[in-house]
Amino acid sequence: VADAFVVTPSPSLARCTVTASFAEGGIDGSIDVSDLGLTMDDLNAPLPEEAFQLTKSGTESTSRVPGVEDDGCVWEETANSMEVTLSIPGLRGQPPSALALDITKNTVTITAFGYAVWSCILRGNCDPETVSFSATDGADMVPLITTSVKKLDKSQRWDGFILQC
């Protein structure tokens with residue numbers, strides 16, 4: 001494992017030499033990286049924002065009953081969006097084609113045959129115009145509801161989907 005790297009440009013900037021220092025073993029050496037086609041401008045350029053994109057994921061309970069942890073909400077968060085799969089035991093037996101998802105900037109309501117059957121307050125604000133939604137058959141006759149939504153404040157981490165249900 002190297003302790004330090006030193007990049008030394010050549011006068012033409014067409015060639016760089018990387019020198020690595022090793023604390024143990026007393027090995028010092030240089031590596032010619034000119035075949036990589038790098039210049040000092042390349043090495044000094046800022047990294048693209050995508051290099052720092054982190055994805056967080058987790059599970060939450062969809063139950064309103066204290067102490068019941070059904071892990072019915074599986075979420076994945078990026079800086080821009082939330083991807084969520086809901087498997088709500090209370091919807092067992094409901095046909096996926098009868099389910100709808102209504103969303104505002106900070107709430108979600110699931111309806112079955114036009115009647116509200118589950119709702120929650122979100123941990124952050126989203127853009128309701130960007131919602132995608134699908135409902136499919138899940139295990140044990142519990143429908144799987146998948147939704148994707150863009151976050152309004154991209155600098156805010158939600159660290160989950162459901163604030164309160």
# chains A, B, ... in the order shown; residues from 1 in each chain; ligands from 1
>>> select_by_dssp(residues="segment 17-139 of chain A", states="alpha helix (DSSP H)", output="MDAnalysis selection string")
chainID A and resid 40:44
>>> residues_around(residues="segment 123-127 of chain A", least_positions_apart="4", cutoff="7 Å", atoms="only C-alpha atoms", output="list in words")
Lys105, Asn106, Val149, Lys150, Lys151, Leu152, Trp158, Gly160, Phe161, Ile162 and Leu163 of chain A
>>> atom_distance(atom1="atom CA of Asp159 of chain A", atom2="atom CA of Lys56 of chain A")
7.4 Å
>>> atom_distance(atom1="atom CA of Gly93 of chain A", atom2="atom CA of Val131 of chain A")
24.9 Å
>>> residues_around(residues="Ile110 of chain A", least_positions_apart="4", cutoff="6 Å", atoms="only C-alpha atoms", output="MDAnalysis selection string")
chainID A and resid 100:101 116:118
>>> write_last_selection(atoms="N, CA, C and O atoms", output="PDB file, in the first residue's frame")
ATOM      1  N   ALA A 100     -55.319   1.939  -7.240  1.00  0.00           N
ATOM      2  CA  ALA A 100     -54.803   3.190  -7.810  1.00  0.00           C
ATOM      3  C   ALA A 100     -53.963   3.873  -6.744  1.00  0.00           C
ATOM      4  O   ALA A 100     -54.138   3.628  -5.548  1.00  0.00           O
ATOM      5  N   LEU A 101     -53.069   4.730  -7.186  1.00  0.00           N
ATOM      6  CA  LEU A 101     -52.204   5.477  -6.277  1.00  0.00           C
ATOM      7  C   LEU A 101     -52.419   6.955  -6.542  1.00  0.00           C
ATOM      8  O   LEU A 101     -52.283   7.418  -7.676  1.00  0.00           O
ATOM      9  N   ALA A 116     -60.406   4.827  -0.461  1.00  0.00           N
ATOM     10  CA  ALA A 116     -59.087   4.929   0.160  1.00  0.00           C
ATOM     11  C   ALA A 116     -58.922   3.797   1.174  1.00  0.00           C
ATOM     12  O   ALA A 116     -59.759   3.623   2.061  1.00  0.00           O
ATOM     13  N   VAL A 117     -57.860   3.001   1.001  1.00  0.00           N
ATOM     14  CA  VAL A 117     -57.632   1.861   1.894  1.00  0.00           C
ATOM     15  C   VAL A 117     -56.312   1.957   2.653  1.00  0.00           C
ATOM     16  O   VAL A 117     -56.094   1.238   3.625  1.00  0.00           O
ATOM     17  N   TRP A 118     -55.405   2.821   2.231  1.00  0.00           N
ATOM     18  CA  TRP A 118     -54.124   3.001   2.923  1.00  0.00           C
ATOM     19  C   TRP A 118     -53.568   4.354   2.522  1.00  0.00           C
ATOM     20  O   TRP A 118     -53.698   4.784   1.381  1.00  0.00           O
TER      21      TRP A 118
END
>>> residues_around(residues="Arg64 of chain A", least_positions_apart="3", cutoff="12 Å", atoms="only C-alpha atoms", output="list in words")
Glu60, Ser61, Gly67, Val68, Glu69, Asp70, Gly72, Ile88, Pro89, Gly90, Trp118, Ser119, Cys120, Ile162, Leu163, Gln164 and Cys165 of chain A
>>> residues_around(residues="Leu86 of chain A", least_positions_apart="3", cutoff="7 Å", atoms="only C-alpha atoms", output="PyMOL selection string")
chain A and resi 72-74+144-146
>>> write_last_selection(atoms="N, CA, C and O atoms", output="compact mmCIF listing (two decimals), in the first residue's frame")
# COMPACT_ATOMS: atom_id res chain seq x y z
N GLY A 72 -43.24 -4.01 4.88
CA GLY A 72 -44.01 -3.95 3.64
C GLY A 72 -43.60 -2.84 2.69
O GLY A 72 -44.09 -2.78 1.57
N CYS A 73 -42.72 -1.97 3.13
CA CYS A 73 -42.24 -0.88 2.28
C CYS A 73 -40.74 -1.07 2.06
O CYS A 73 -39.95 -0.98 3.00
N VAL A 74 -40.36 -1.37 0.84
CA VAL A 74 -38.95 -1.52 0.47
C VAL A 74 -38.61 -0.33 -0.41
O VAL A 74 -39.26 -0.12 -1.44
N LEU A 144 -48.32 -6.25 -5.13
CA LEU A 144 -47.10 -5.45 -5.06
C LEU A 144 -47.35 -4.14 -5.79
O LEU A 144 -47.71 -4.14 -6.97
N ILE A 145 -47.14 -3.06 -5.09
CA ILE A 145 -47.33 -1.73 -5.66
C ILE A 145 -45.96 -1.10 -5.80
O ILE A 145 -45.25 -0.91 -4.81
N THR A 146 -45.58 -0.79 -7.02
CA THR A 146 -44.26 -0.21 -7.29
C THR A 146 -44.46 1.22 -7.77
O THR A 146 -45.28 1.47 -8.66
>>> select_by_dssp(residues="chain A", states="strand (DSSP E)", output="count of residues only")
68
>>> atom_distance(atom1="atom CA of Tyr115 of chain A", atom2="atom CA of Pro95 of chain A")
13.6 Å
>>> closest_residue(among="A:Val65, A:Ala45, A:Ile121, A:Leu54", to="Ser81 of chain A", atoms="only C-alpha atoms")
A:Leu54
>>> closest_residue(among="A:Asn44, A:Ser148, A:Ser63, A:Thr78", to="Leu91 of chain A", atoms="only C-alpha atoms")
A:Ser63
